file upload05.cif (mmCIF, C-alpha atoms)
data_upload
loop_
_atom_site.label_atom_id
_atom_site.label_comp_id
_atom_site.auth_asym_id
_atom_site.auth_seq_id
_atom_site.Cartn_x
_atom_site.Cartn_y
_atom_site.Cartn_z
CA MET A 1 72.15 171.51 100.15
CA PRO A 2 73.36 167.97 100.90
CA GLY A 3 76.88 167.66 102.19
CA LEU A 4 79.31 164.80 102.35
CA GLU A 5 78.16 161.33 103.30
CA LEU A 6 79.37 159.91 106.58
CA THR A 7 80.50 156.59 105.18
CA SER A 8 82.15 155.41 102.00
CA ASN A 9 80.18 152.79 100.11
CA PRO A 10 81.46 150.15 97.66
CA THR A 11 81.67 151.35 94.08
CA LYS A 12 80.49 148.18 92.30
CA VAL A 13 77.95 145.41 92.87
CA VAL A 14 78.34 142.11 90.97
CA VAL A 15 75.17 140.00 90.74
CA HIS A 16 75.41 136.33 89.78
CA PRO A 17 72.93 134.63 87.39
CA LEU A 18 71.75 132.28 90.16
CA VAL A 19 70.42 135.29 92.06
CA LEU A 20 68.52 136.59 89.03
CA LEU A 21 66.97 133.17 88.39
CA SER A 22 65.96 132.85 92.05
CA VAL A 23 64.32 136.29 92.09
CA VAL A 24 62.35 135.59 88.91
CA ASP A 25 61.23 132.20 90.25
CA HIS A 26 60.20 133.85 93.54
CA TYR A 27 58.16 136.45 91.66
CA ASN A 28 56.45 133.89 89.40
CA ARG A 29 55.46 131.76 92.39
CA VAL A 30 54.19 134.57 94.63
CA ALA A 31 53.32 137.75 92.77
CA LYS A 32 52.87 137.02 89.07
CA ASN A 33 49.98 138.98 87.47
CA THR A 34 49.63 141.14 90.62
CA LYS A 35 50.91 144.52 91.76
CA LYS A 36 52.77 142.96 94.66
CA ARG A 37 56.53 142.83 94.93
CA VAL A 38 58.66 140.08 96.41
CA VAL A 39 61.46 140.53 98.93
CA GLY A 40 64.43 138.35 99.77
CA VAL A 41 67.88 138.24 101.34
CA LEU A 42 71.16 138.52 99.45
CA LEU A 43 74.20 136.43 100.38
CA GLY A 44 77.80 136.92 99.34
CA GLN A 45 80.93 138.83 100.25
CA THR A 46 82.16 142.41 100.40
CA ASP A 47 85.70 142.77 99.12
CA GLY A 48 86.96 146.33 99.40
CA ASN A 49 85.05 148.46 96.92
CA SER A 50 83.19 145.52 95.36
CA VAL A 51 80.17 143.56 96.58
CA ASN A 52 79.76 140.01 95.26
CA VAL A 53 76.12 138.85 95.34
CA ALA A 54 76.43 135.08 94.91
CA ASN A 55 73.23 133.67 96.40
CA SER A 56 69.83 134.59 97.81
CA PHE A 57 66.70 133.26 99.44
CA ALA A 58 63.09 134.44 99.54
CA VAL A 59 61.42 135.67 102.73
CA PRO A 60 57.75 136.13 103.67
CA PHE A 61 56.82 139.76 103.13
CA GLU A 62 53.56 141.67 103.18
CA GLU A 63 52.77 145.36 102.85
CA ASP A 64 49.70 147.57 102.76
CA GLU A 65 49.17 148.88 99.22
CA LYS A 66 47.32 151.94 100.53
CA ASN A 67 49.77 152.73 103.33
CA PRO A 68 53.40 151.99 102.33
CA SER A 69 54.62 152.54 105.90
CA VAL A 70 52.76 149.39 107.00
CA TRP A 71 54.71 146.24 106.15
CA PHE A 72 55.71 142.92 107.68
CA LEU A 73 58.99 141.02 107.35
CA ASP A 74 59.53 137.70 109.14
CA HIS A 75 62.68 138.21 111.22
CA ASN A 76 62.68 134.69 112.65
CA TYR A 77 62.57 133.18 109.17
CA ILE A 78 65.55 135.31 108.07
CA GLU A 79 67.63 134.23 111.06
CA THR A 80 66.74 130.55 110.61
CA MET A 81 67.61 130.56 106.90
CA ARG A 82 70.79 132.54 107.56
CA ASP A 83 72.00 129.91 110.02
CA MET A 84 71.17 127.10 107.59
CA PHE A 85 73.04 128.73 104.71
CA LYS A 86 75.99 129.38 107.02
CA LYS A 87 76.30 125.63 107.64
CA VAL A 88 76.40 124.97 103.89
CA ASN A 89 78.81 127.77 102.95
CA ALA A 90 80.33 129.86 105.72
CA LYS A 91 81.81 132.30 103.19
CA GLU A 92 78.38 133.48 102.10
CA LYS A 93 77.13 136.05 104.59
CA VAL A 94 74.07 138.29 104.60
CA ILE A 95 75.08 141.40 102.66
CA GLY A 96 71.70 142.98 101.91
CA TRP A 97 68.29 142.39 100.39
CA TYR A 98 66.40 142.55 97.12
CA HIS A 99 62.94 143.30 95.85
CA SER A 100 61.27 143.03 92.47
CA GLY A 101 60.60 146.75 92.16
CA PRO A 102 60.70 147.80 89.45
CA LYS A 103 61.42 151.07 91.31
CA LEU A 104 62.29 152.21 94.81
CA ARG A 105 59.45 152.65 97.31
CA SER A 106 59.05 154.89 100.33
CA SER A 107 59.39 152.00 102.80
CA ASP A 108 62.72 150.80 101.37
CA LEU A 109 64.77 153.02 103.70
CA GLN A 110 63.02 151.54 106.73
CA ILE A 111 63.62 148.00 105.50
CA SER A 112 67.30 148.78 104.84
CA GLU A 113 67.61 150.06 108.41
CA LEU A 114 66.15 146.77 109.63
CA PHE A 115 68.71 144.78 107.63
CA LYS A 116 71.50 146.53 109.53
CA ARG A 117 70.81 143.90 112.17
CA TYR A 118 72.35 141.34 109.82
CA ALA A 119 74.84 143.44 107.79
CA THR A 120 76.78 146.59 108.68
CA ASN A 121 76.09 148.28 105.37
CA PRO A 122 73.35 146.34 103.54
CA VAL A 123 72.99 146.70 99.79
CA LEU A 124 69.59 146.89 98.13
CA VAL A 125 69.34 145.35 94.66
CA VAL A 126 66.16 146.14 92.74
CA VAL A 127 65.59 143.44 90.10
CA ASP A 128 63.25 144.27 87.23
CA VAL A 129 61.61 140.88 86.60
CA GLN A 130 59.74 142.21 83.54
CA PRO A 131 62.25 144.46 81.76
CA LYS A 132 60.95 146.45 78.81
CA GLU A 133 64.36 147.54 77.56
CA ILE A 134 67.56 145.70 76.71
CA GLY A 135 70.18 145.98 79.41
CA ILE A 136 71.10 144.88 82.91
CA PRO A 137 67.87 144.36 84.92
CA THR A 138 69.42 145.33 88.25
CA ASN A 139 69.94 148.56 90.17
CA ALA A 140 71.96 148.63 93.37
CA TYR A 141 71.64 151.14 96.21
CA PHE A 142 73.20 151.88 99.58
CA SER A 143 71.55 153.82 102.35
CA VAL A 144 73.50 156.99 103.20
CA GLU A 145 73.04 159.83 105.65
CA ASP A 146 73.31 163.33 104.23
CA ILE A 147 74.34 166.25 106.42
CA HIS A 148 72.74 169.56 105.47
CA ASP A 149 74.75 172.79 105.48
CA ASP A 150 71.87 174.73 107.03
CA GLY A 151 72.16 172.78 110.29
CA THR A 152 68.91 170.86 109.91
CA THR A 153 68.64 167.22 110.91
CA ALA A 154 70.49 164.78 108.67
CA THR A 155 68.27 162.72 106.38
CA LYS A 156 68.51 159.22 104.99
CA THR A 157 68.56 158.63 101.26
CA PHE A 158 69.74 156.07 98.72
CA GLU A 159 72.95 156.29 96.75
CA HIS A 160 72.96 154.46 93.42
CA VAL A 161 75.94 152.19 92.75
CA PRO A 162 76.81 150.65 89.35
CA SER A 163 75.92 146.97 89.06
CA GLU A 164 76.93 144.25 86.62
CA ILE A 165 76.29 140.57 85.97
CA GLY A 166 79.18 138.26 86.75
CA ALA A 167 79.53 134.48 86.87
CA GLU A 168 82.09 131.79 87.45
CA GLU A 169 82.76 129.20 84.77
CA ALA A 170 80.51 126.57 86.38
CA GLU A 171 77.63 129.06 86.54
CA GLU A 172 78.05 130.03 82.89
CA ILE A 173 77.83 126.38 81.84
CA GLY A 174 74.74 125.83 84.01
CA VAL A 175 72.96 128.89 82.65
CA GLU A 176 73.76 127.86 79.08
CA HIS A 177 72.23 124.41 79.60
CA LEU A 178 69.21 125.93 81.33
CA LEU A 179 68.57 128.26 78.41
CA ARG A 180 68.75 125.29 76.05
CA ASP A 181 66.19 123.41 78.14
CA ILE A 182 63.66 126.23 78.35
CA LYS A 183 63.88 127.13 74.65
CA GLU A 184 60.54 126.60 72.95
CA SER A 185 60.58 123.41 70.91
CA SER A 186 58.31 124.98 68.32
CA THR A 187 60.87 127.65 67.49
CA GLY A 188 63.29 126.67 64.78
CA THR A 189 67.04 127.00 65.15
CA LEU A 190 67.23 129.57 62.36
CA ALA A 191 64.50 131.76 63.89
CA THR A 192 66.14 131.55 67.31
CA ARG A 193 69.53 132.51 65.92
CA ILE A 194 68.09 135.48 64.05
CA THR A 195 66.20 136.64 67.15
CA HIS A 196 69.38 136.50 69.22
CA GLN A 197 71.28 138.43 66.58
CA LEU A 198 68.59 141.12 66.41
CA THR A 199 68.67 141.47 70.18
CA SER A 200 72.45 141.77 70.13
CA LEU A 201 72.34 144.37 67.36
CA ARG A 202 69.79 146.45 69.27
CA GLY A 203 72.03 146.34 72.33
CA LEU A 204 75.05 147.32 70.23
CA ALA A 205 73.11 150.22 68.71
CA GLU A 206 72.23 151.52 72.16
CA ARG A 207 75.86 151.34 73.31
CA LEU A 208 77.04 153.15 70.17
CA ALA A 209 74.41 155.85 70.75
CA ASP A 210 75.70 156.31 74.32
CA ILE A 211 79.29 156.62 73.03
CA ARG A 212 78.22 159.14 70.38
CA SER A 213 76.29 161.17 72.96
CA TYR A 214 79.28 161.23 75.33
CA LEU A 215 81.74 162.32 72.63
CA GLN A 216 79.33 164.99 71.41
CA ASN A 217 78.97 166.37 74.94
CA VAL A 218 82.75 166.43 75.31
CA LEU A 219 83.12 168.35 72.03
CA GLU A 220 80.52 170.87 73.20
CA ASP A 221 82.29 171.23 76.61
CA LYS A 222 79.23 169.90 78.42
CA LEU A 223 81.32 167.11 79.96
CA PRO A 224 85.01 167.04 80.93
CA VAL A 225 87.44 164.83 79.05
CA ASN A 226 87.96 161.51 80.85
CA SER A 227 91.25 160.01 79.74
CA GLU A 228 90.29 156.52 80.94
CA ILE A 229 87.11 156.50 78.83
CA ILE A 230 88.95 157.84 75.80
CA GLN A 231 91.63 155.17 76.21
CA ASN A 232 88.99 152.41 76.40
CA LEU A 233 87.30 153.73 73.26
CA GLN A 234 90.64 153.81 71.46
CA ASP A 235 91.28 150.18 72.48
CA ILE A 236 87.86 149.21 71.11
CA PHE A 237 88.53 150.94 67.79
CA ASN A 238 91.95 149.29 67.54
CA LEU A 239 90.32 145.86 67.88
CA LEU A 240 87.92 146.47 64.99
CA PRO A 241 88.85 144.65 61.76
CA ASN A 242 90.07 146.75 58.88
CA LEU A 243 87.60 145.85 56.14
CA THR A 244 89.31 148.12 53.64
CA ILE A 245 91.86 145.34 53.16
CA PRO A 246 90.43 143.03 50.43
CA ASP A 247 91.71 139.81 52.00
CA ASP A 248 90.14 140.58 55.39
CA ALA A 249 86.81 141.56 53.83
CA SER A 250 86.76 138.37 51.75
CA ALA A 251 87.57 136.20 54.78
CA PHE A 252 84.69 137.71 56.80
CA THR A 253 82.28 137.25 53.91
CA VAL A 254 83.24 133.61 53.37
CA GLN A 255 82.95 132.78 57.09
CA THR A 256 79.53 134.46 57.38
CA ASN A 257 78.21 132.66 54.29
CA ASP A 258 79.46 129.31 55.59
CA GLU A 259 77.73 129.81 58.94
CA TYR A 260 74.41 130.77 57.36
CA ALA A 261 74.61 127.82 55.00
CA LEU A 262 75.05 125.45 57.95
CA ILE A 263 72.12 127.01 59.79
CA TYR A 264 69.92 126.75 56.70
CA VAL A 265 70.81 123.10 56.05
CA ALA A 266 70.25 122.22 59.73
CA SER A 267 66.81 123.86 59.64
CA LEU A 268 65.88 121.94 56.49
CA ALA A 269 67.02 118.67 58.06
CA ARG A 270 65.03 119.34 61.23
CA SER A 271 61.84 120.20 59.36
#
call {"tool": "encode", "arguments": {"input": "upload05.cif", "output": "structure tokens"}}
result
Amino acid sequence: MPGLELTSNPTKVVVHPLVLLSVVDHYNRVAKNTKKRVVGVLLGQTDGNSVNVANSFAVPFEEDEKNPSVWFLDHNYIETMRDMFKKVNAKEKVIGWYHSGPKLRSSDLQISELFKRYATNPVLVVVDVQPKEIGIPTNAYFSVEDIHDDGTTATKTFEHVPSEIGAEEAEEIGVEHLLRDIKESSTGTLATRITHQLTSLRGLAERLADIRSYLQNVLEDKLPVNSEIIQNLQDIFNLLPNLTIPDDASAFTVQTNDEYALIYVASLARS
């Protein structure tokens, strides 16, 4: 039975939009419509229990599809690019690596061990470049060493760490303009707005289902009561508008109708 890990890993990994865009671009240039995966280096900072993944760069990588233990990673290229990025921004250091997954592979532990040359505790971020479900397309892992109670040799394994998408104000503005530029010109504003709303509603439905499942498990004593989660849920419920008040319900209806009228008129003017 696995025992305690020897080291304490960060508890959160924050990935910036620039990194996601770079990984997708790397995949589209090198491995699109193939079974290959792409590999690159992550740059950023480690601040206590949080890892901030702010930048990245692609690296040449090859592996044998039949024999996962056979792979090649260009060390000289990594060191050259690392030194170049250091001249541009000394705060951004090598903190780990990424690949396009979509799942972990048997050689990932070996590659993580190699990256300990450049970072004490490298993080692996698996980016799903073709997600089939709504949600965050990243999974973060740290390599840990488990000690077995039966006295056998300790083994290496991956520990999953929660990840989230975070951005500074300048990045948010840049991503917003980029999304406007890549939007298909043939798609009308009304259709785009409806599509975005449907996507948001699906995501909301999934989150509500998770909340319902958690509360049901707590009621059935399958999970312990977590006061922090309960407090967050109570805060969410307190922020919901009280539509039983006629004035509030009327105000929401009027605002919604005004917005849809503007969208409809704009679509007619464009067509």
call {"tool": "resolve_selection", "arguments": {"input": "upload05.cif", "expression": "the PyMOL selection byres ((chain A and resi 130) around 12)", "output": "VMD selection string"}}
result
chain A and resid 20 23 to 24 27 to 28 32 to 33 37 100 to 103 126 to 129 131 to 138
call {"tool": "atom_distance", "arguments": {"input": "upload05.cif", "atom1": "atom CA of A:Asn9", "atom2": "atom CA of A:Ala119"}}
result
13.2 Å
call {"tool": "resolve_selection", "arguments": {"input": "upload05.cif", "expression": "the PyMOL selection byres ((chain A and resi 113) around 12)", "output": "list of chain:residue names"}}
result
A:Gly96, A:Trp97, A:Ser107, A:Asp108, A:Leu109, A:Gln110, A:Ile111, A:Ser112, A:Leu114, A:Phe115, A:Lys116, A:Arg117, A:Tyr118, A:Ala119, A:Thr120, A:Asn121, A:Pro122, A:Val123, A:Leu124, A:Phe142, A:Ser143, A:Val144, A:Glu145, A:Lys156, A:Thr157, A:Phe158
call {"tool": "atom_distance", "arguments": {"input": "upload05.cif", "atom1": "atom CA of A:Pro68", "atom2": "atom CA of A:Arg105"}}
result
7.9 Å
call {"tool": "closest_residue", "arguments": {"input": "upload05.cif", "among": "A:Asn238, A:Asn76, A:Asn67, A:Ser22", "to": "A:Tyr98", "atoms": "only C-alpha atoms"}}
result
A:Ser22
call {"tool": "closest_residue", "arguments": {"input": "upload05.cif", "among": "A:Asp258, A:Glu172, A:Glu206, A:Glu92", "to": "A:Pro17", "atoms": "only C-alpha atoms"}}
result
A:Glu172
call {"tool": "residues_around", "arguments": {"input": "upload05.cif", "residues": "stretch 51-64 of chain A", "least_positions_apart": "5", "cutoff": "6 Å", "atoms": "all atoms listed in the file", "output": "list in words"}}
result
Val13, Val14, Val15, His16, Val19, Gly40, Val41, Leu42, Leu43, Gly44, Gln45, Thr46, Val70, Trp71, Phe72, Leu73 and Asp74 of chain A
call {"tool": "atom_distance", "arguments": {"input": "upload05.cif", "atom1": "atom CA of A:Asp25", "atom2": "atom CA of A:Val38"}}
result
10.3 Å
call {"tool": "closest_residue", "arguments": {"input": "upload05.cif", "among": "A:Ser50, A:Thr153, A:Asn217, A:Thr34", "to": "A:Ser8", "atoms": "all atoms listed in the file"}}
result
A:Ser50
call {"tool": "axis_aligned_box", "arguments": {"input": "upload05.cif", "around": "stretch 127-139 of chain A", "padding_each_side": "6 Å", "output": "JSON"}}
result
{"center_x": 65.4, "center_y": 144.7, "center_z": 83.4, "size_x": 23.4, "size_y": 19.7, "size_z": 25.5}
call {"tool": "closest_residue", "arguments": {"input": "upload05.cif", "among": "A:Val125, A:Ala140, A:Ala31, A:Ala261", "to": "A:Thr11", "atoms": "only C-alpha atoms"}}
result
A:Ala140
call {"tool": "residues_around", "arguments": {"input": "upload05.cif", "residues": "A:Phe237", "least_positions_apart": "6", "cutoff": "12 Å", "atoms": "only C-alpha atoms", "output": "list in words"}}
result
Leu208, Ile230 and Gln231 of chain A
call {"tool": "closest_residue", "arguments": {"input": "upload05.cif", "among": "A:Tyr214, A:Asp150, A:His177, A:Val88", "to": "A:Asn226", "atoms": "all atoms listed in the file"}}
result
A:Tyr214
call {"tool": "residues_around", "arguments": {"input": "upload05.cif", "residues": "A:Leu233", "least_positions_apart": "6", "cutoff": "12 Å", "atoms": "only C-alpha atoms", "output": "compact mmCIF listing (two decimals) with C-alpha atoms, in the frame of the given file"}}
result
# COMPACT_ATOMS: atom_id res chain seq x y z
CA ARG A 207 75.86 151.34 73.31
CA LEU A 208 77.04 153.15 70.17
CA ASP A 210 75.70 156.31 74.32
CA ILE A 211 79.29 156.62 73.03
CA ARG A 212 78.22 159.14 70.38
CA TYR A 214 79.28 161.23 75.33
CA LEU A 215 81.74 162.32 72.63
CA ASN A 226 87.96 161.51 80.85
CA SER A 227 91.25 160.01 79.74
CA LEU A 239 90.32 145.86 67.88
CA LEU A 240 87.92 146.47 64.99
